[in-house]
Amino acid sequence: MVFKSHMNQALDEARAAAARGEVPVGAVLVSPEGRVVAAAGNRTREMCDPTAHAEIMAIRAACAAAGSERLPGHDLYVTLEPCAMCAAAIAAARIARVYYGAADPKSGGVAHGARVFSHPQAHHAPEVYDGIGAAEAEALLKAFFAGRRG
């Protein structure tokens, strides 16, 4: 199968999140056959739920559709490095590959901070590819937070 990035759809989800007043993070889950099975953006403010990160929302929707708590062989595209909570959910769901855009030195849980997948306690460590669409993801985040501070 030829590699096809789904980061543009994740960026669309991030833009939609920003339009709702949420931190602009988007996620897309793709089946082993290459079909998008879930797409989501952050909804923490809208749902008054600190766990309603884009990754968690996409994982919940994909698991419900699959009728399983695991998503082996699936790929996750997310615009920002997953936090420790999301990384733990990714491991629990047994997602095969994670492609993320912007690094998150402050709150990331993959390449920064907790580095969840490198712990012996991690039940599963997906393949991780960073920097996919990073410039656009970073620009969305910077514009969002500049608007909040200004």
# chains A, B, ... in the order shown; residues from 1 in each chain; ligands from 1
call {"tool": "select_by_dssp", "arguments": {"residues": "segment 1-140 of chain A", "states": "strand (DSSP E)", "output": "list in words"}}
result
Gly26, Ala27, Val28, Leu29, Val30, Val36, Val37, Ala38, Ala39, Ala40, Gly41, Asp75, Leu76, Tyr77, Val78, Thr79, Leu80, Arg97, Val98, Tyr99, Tyr100, Gly101, Ala102, Glu127, Val128, Tyr129 and Asp130 of chain A
call {"tool": "write_last_selection", "arguments": {"atoms": "N, CA, C and O atoms", "output": "mmCIF file, in the first residue's frame"}}
result
data_model
loop_
_atom_site.group_PDB
_atom_site.id
_atom_site.type_symbol
_atom_site.label_atom_id
_atom_site.label_comp_id
_atom_site.auth_asym_id
_atom_site.auth_seq_id
_atom_site.Cartn_x
_atom_site.Cartn_y
_atom_site.Cartn_z
ATOM 1 N N GLY A 26 -6.177 18.678 16.338
ATOM 2 C CA GLY A 26 -7.042 17.763 15.612
ATOM 3 C C GLY A 26 -6.400 16.406 15.486
ATOM 4 O O GLY A 26 -5.173 16.284 15.479
ATOM 5 N N ALA A 27 -7.249 15.369 15.390
ATOM 6 C CA ALA A 27 -6.765 14.002 15.272
ATOM 7 C C ALA A 27 -7.626 13.214 14.291
ATOM 8 O O ALA A 27 -8.834 13.434 14.196
ATOM 9 N N VAL A 28 -6.981 12.291 13.586
ATOM 10 C CA VAL A 28 -7.664 11.421 12.628
ATOM 11 C C VAL A 28 -7.135 10.013 12.828
ATOM 12 O O VAL A 28 -5.916 9.804 12.894
ATOM 13 N N LEU A 29 -8.044 9.045 12.920
ATOM 14 C CA LEU A 29 -7.672 7.634 13.028
ATOM 15 C C LEU A 29 -7.984 6.930 11.725
ATOM 16 O O LEU A 29 -9.079 7.098 11.176
ATOM 17 N N VAL A 30 -7.018 6.154 11.242
ATOM 18 C CA VAL A 30 -7.122 5.497 9.948
ATOM 19 C C VAL A 30 -6.983 3.980 10.147
ATOM 20 O O VAL A 30 -6.067 3.516 10.843
ATOM 21 N N VAL A 36 -10.473 6.393 6.809
ATOM 22 C CA VAL A 36 -10.634 7.225 8.002
ATOM 23 C C VAL A 36 -11.831 6.689 8.791
ATOM 24 O O VAL A 36 -12.941 6.602 8.265
ATOM 25 N N VAL A 37 -11.583 6.288 10.042
ATOM 26 C CA VAL A 37 -12.643 5.734 10.879
ATOM 27 C C VAL A 37 -13.109 6.713 11.951
ATOM 28 O O VAL A 37 -14.187 6.530 12.525
ATOM 29 N N ALA A 38 -12.323 7.749 12.227
ATOM 30 C CA ALA A 38 -12.729 8.770 13.195
ATOM 31 C C ALA A 38 -11.879 10.012 12.997
ATOM 32 O O ALA A 38 -10.699 9.924 12.646
ATOM 33 N N ALA A 39 -12.491 11.153 13.234
ATOM 34 C CA ALA A 39 -11.787 12.436 13.180
ATOM 35 C C ALA A 39 -12.397 13.324 14.255
ATOM 36 O O ALA A 39 -13.611 13.320 14.443
ATOM 37 N N ALA A 40 -11.547 14.060 14.955
ATOM 38 C CA ALA A 40 -12.043 14.892 16.056
ATOM 39 C C ALA A 40 -11.077 16.030 16.337
ATOM 40 O O ALA A 40 -9.902 15.967 15.989
ATOM 41 N N GLY A 41 -11.611 17.038 16.984
ATOM 42 C CA GLY A 41 -10.805 18.138 17.484
ATOM 43 C C GLY A 41 -11.032 18.253 18.981
ATOM 44 O O GLY A 41 -11.935 17.608 19.530
ATOM 45 N N ASP A 75 -3.615 3.792 12.362
ATOM 46 C CA ASP A 75 -2.693 4.927 12.407
ATOM 47 C C ASP A 75 -3.426 6.129 12.977
ATOM 48 O O ASP A 75 -4.592 6.371 12.645
ATOM 49 N N LEU A 76 -2.736 6.886 13.813
ATOM 50 C CA LEU A 76 -3.291 8.118 14.377
ATOM 51 C C LEU A 76 -2.474 9.294 13.869
ATOM 52 O O LEU A 76 -1.245 9.300 13.988
ATOM 53 N N TYR A 77 -3.163 10.259 13.299
ATOM 54 C CA TYR A 77 -2.551 11.524 12.881
ATOM 55 C C TYR A 77 -3.053 12.577 13.848
ATOM 56 O O TYR A 77 -4.263 12.723 14.032
ATOM 57 N N VAL A 78 -2.138 13.315 14.468
ATOM 58 C CA VAL A 78 -2.533 14.354 15.410
ATOM 59 C C VAL A 78 -1.610 15.553 15.220
ATOM 60 O O VAL A 78 -0.422 15.409 14.959
ATOM 61 N N THR A 79 -2.182 16.741 15.329
ATOM 62 C CA THR A 79 -1.436 17.955 14.997
ATOM 63 C C THR A 79 -0.416 18.364 16.055
ATOM 64 O O THR A 79 0.493 19.126 15.769
ATOM 65 N N LEU A 80 -0.562 17.851 17.274
ATOM 66 C CA LEU A 80 0.337 18.208 18.373
ATOM 67 C C LEU A 80 0.798 16.935 19.073
ATOM 68 O O LEU A 80 0.016 15.988 19.222
ATOM 69 N N ARG A 97 0.693 3.118 14.726
ATOM 70 C CA ARG A 97 1.576 4.218 14.362
ATOM 71 C C ARG A 97 0.951 5.557 14.751
ATOM 72 O O ARG A 97 -0.247 5.746 14.577
ATOM 73 N N VAL A 98 1.802 6.466 15.225
ATOM 74 C CA VAL A 98 1.376 7.827 15.554
ATOM 75 C C VAL A 98 2.209 8.785 14.722
ATOM 76 O O VAL A 98 3.441 8.723 14.730
ATOM 77 N N TYR A 99 1.510 9.658 14.002
ATOM 78 C CA TYR A 99 2.148 10.714 13.222
ATOM 79 C C TYR A 99 1.709 12.023 13.855
ATOM 80 O O TYR A 99 0.511 12.292 13.933
ATOM 81 N N TYR A 100 2.643 12.820 14.352
ATOM 82 C CA TYR A 100 2.226 14.096 14.925
ATOM 83 C C TYR A 100 2.990 15.258 14.322
ATOM 84 O O TYR A 100 4.074 15.097 13.784
ATOM 85 N N GLY A 101 2.360 16.426 14.411
ATOM 86 C CA GLY A 101 2.909 17.638 13.830
ATOM 87 C C GLY A 101 3.865 18.350 14.758
ATOM 88 O O GLY A 101 5.062 18.057 14.809
ATOM 89 N N ALA A 102 3.337 19.289 15.526
ATOM 90 C CA ALA A 102 4.154 20.135 16.392
ATOM 91 C C ALA A 102 4.610 19.390 17.636
ATOM 92 O O ALA A 102 3.857 18.621 18.232
ATOM 93 N N GLU A 127 4.866 2.852 16.616
ATOM 94 C CA GLU A 127 5.882 3.568 15.859
ATOM 95 C C GLU A 127 5.484 5.035 15.912
ATOM 96 O O GLU A 127 4.297 5.354 15.830
ATOM 97 N N VAL A 128 6.452 5.927 16.050
ATOM 98 C CA VAL A 128 6.160 7.355 16.151
ATOM 99 C C VAL A 128 6.933 8.108 15.076
ATOM 100 O O VAL A 128 8.133 7.903 14.899
ATOM 101 N N TYR A 129 6.207 8.990 14.378
ATOM 102 C CA TYR A 129 6.790 9.847 13.347
ATOM 103 C C TYR A 129 6.393 11.281 13.683
ATOM 104 O O TYR A 129 5.205 11.584 13.753
ATOM 105 N N ASP A 130 7.378 12.132 13.889
ATOM 106 C CA ASP A 130 7.069 13.512 14.282
ATOM 107 C C ASP A 130 7.382 14.491 13.157
ATOM 108 O O ASP A 130 7.991 14.144 12.154
#
call {"tool": "residues_around", "arguments": {"residues": "Gly21 of chain A", "least_positions_apart": "3", "cutoff": "8 Å", "atoms": "only C-alpha atoms", "output": "VMD selection string"}}
result
chain A and resid 17 to 18 45
call {"tool": "select_by_dssp", "arguments": {"residues": "segment 40-79 of chain A", "states": "helix (DSSP H, G or I)", "output": "list in words"}}
result
Thr44, Arg45, Glu46, Met47, Ala54, Glu55, Ile56, Met57, Ala58, Ile59, Arg60, Ala61, Ala62, Cys63, Ala64, Ala65 and Ala66 of chain A
call {"tool": "write_last_selection", "arguments": {"atoms": "N, CA and C atoms", "output": "compact mmCIF listing (two decimals), in the first residue's frame"}}
result
# COMPACT_ATOMS: atom_id res chain seq x y z
N THR A 44 -12.63 20.12 25.07
CA THR A 44 -12.58 20.17 26.54
C THR A 44 -13.49 21.25 27.12
N ARG A 45 -13.49 22.42 26.50
CA ARG A 45 -14.33 23.51 27.01
C ARG A 45 -15.80 23.25 26.72
N GLU A 46 -16.09 22.85 25.49
CA GLU A 46 -17.46 22.60 25.08
C GLU A 46 -18.12 21.53 25.95
N MET A 47 -17.39 20.47 26.26
CA MET A 47 -17.94 19.35 27.01
C MET A 47 -17.67 19.45 28.51
N ALA A 54 -8.46 15.83 21.43
CA ALA A 54 -8.75 15.34 20.08
C ALA A 54 -8.45 13.84 19.96
N GLU A 55 -7.31 13.42 20.49
CA GLU A 55 -6.93 12.00 20.38
C GLU A 55 -7.93 11.10 21.10
N ILE A 56 -8.31 11.49 22.30
CA ILE A 56 -9.25 10.69 23.10
C ILE A 56 -10.60 10.62 22.40
N MET A 57 -11.05 11.75 21.87
CA MET A 57 -12.34 11.77 21.18
C MET A 57 -12.32 10.85 19.96
N ALA A 58 -11.23 10.89 19.20
CA ALA A 58 -11.11 10.04 18.02
C ALA A 58 -11.01 8.57 18.41
N ILE A 59 -10.24 8.27 19.45
CA ILE A 59 -10.12 6.88 19.92
C ILE A 59 -11.47 6.36 20.39
N ARG A 60 -12.20 7.16 21.16
CA ARG A 60 -13.53 6.73 21.63
C ARG A 60 -14.46 6.41 20.46
N ALA A 61 -14.48 7.29 19.47
CA ALA A 61 -15.37 7.09 18.31
C ALA A 61 -14.96 5.85 17.51
N ALA A 62 -13.66 5.68 17.29
CA ALA A 62 -13.20 4.53 16.51
C ALA A 62 -13.45 3.22 17.24
N CYS A 63 -13.22 3.21 18.55
CA CYS A 63 -13.47 1.99 19.33
C CYS A 63 -14.96 1.64 19.33
N ALA A 64 -15.80 2.66 19.48
CA ALA A 64 -17.24 2.41 19.46
C ALA A 64 -17.66 1.84 18.11
N ALA A 65 -17.14 2.39 17.03
CA ALA A 65 -17.48 1.91 15.70
C ALA A 65 -16.96 0.49 15.47
N ALA A 66 -15.79 0.18 16.03
CA ALA A 66 -15.19 -1.14 15.85
C ALA A 66 -15.79 -2.17 16.81
call {"tool": "closest_residue", "arguments": {"among": "A:Ser68, A:Ser5, A:Asn42, A:Ser107", "to": "Val23 of chain A", "atoms": "only C-alpha atoms"}}
result
A:Asn42
call {"tool": "closest_residue", "arguments": {"among": "A:Lys4, A:Ile90, A:Glu22, A:Ala137", "to": "Asp49 of chain A", "atoms": "only C-alpha atoms"}}
result
A:Glu22
call {"tool": "residues_around", "arguments": {"residues": "Ala93 of chain A", "least_positions_apart": "3", "cutoff": "7 Å", "atoms": "only C-alpha atoms", "output": "ChimeraX atom specification"}}
result
/A:69-71,89-90
call {"tool": "atom_distance", "arguments": {"atom1": "atom CA of Gly108 of chain A", "atom2": "atom CA of Pro82 of chain A"}}
result
5.6 Å
call {"tool": "atom_distance", "arguments": {"atom1": "atom CA of Arg15 of chain A", "atom2": "atom CA of Ala52 of chain A"}}
result
16.3 Å
call {"tool": "atom_distance", "arguments": {"atom1": "atom CA of His74 of chain A", "atom2": "atom CA of Gly34 of chain A"}}
result
8.5 Å
call {"tool": "closest_residue", "arguments": {"among": "A:Pro32, A:Gly113, A:Pro120, A:Gly147", "to": "Met85 of chain A", "atoms": "only C-alpha atoms"}}
result
A:Gly113
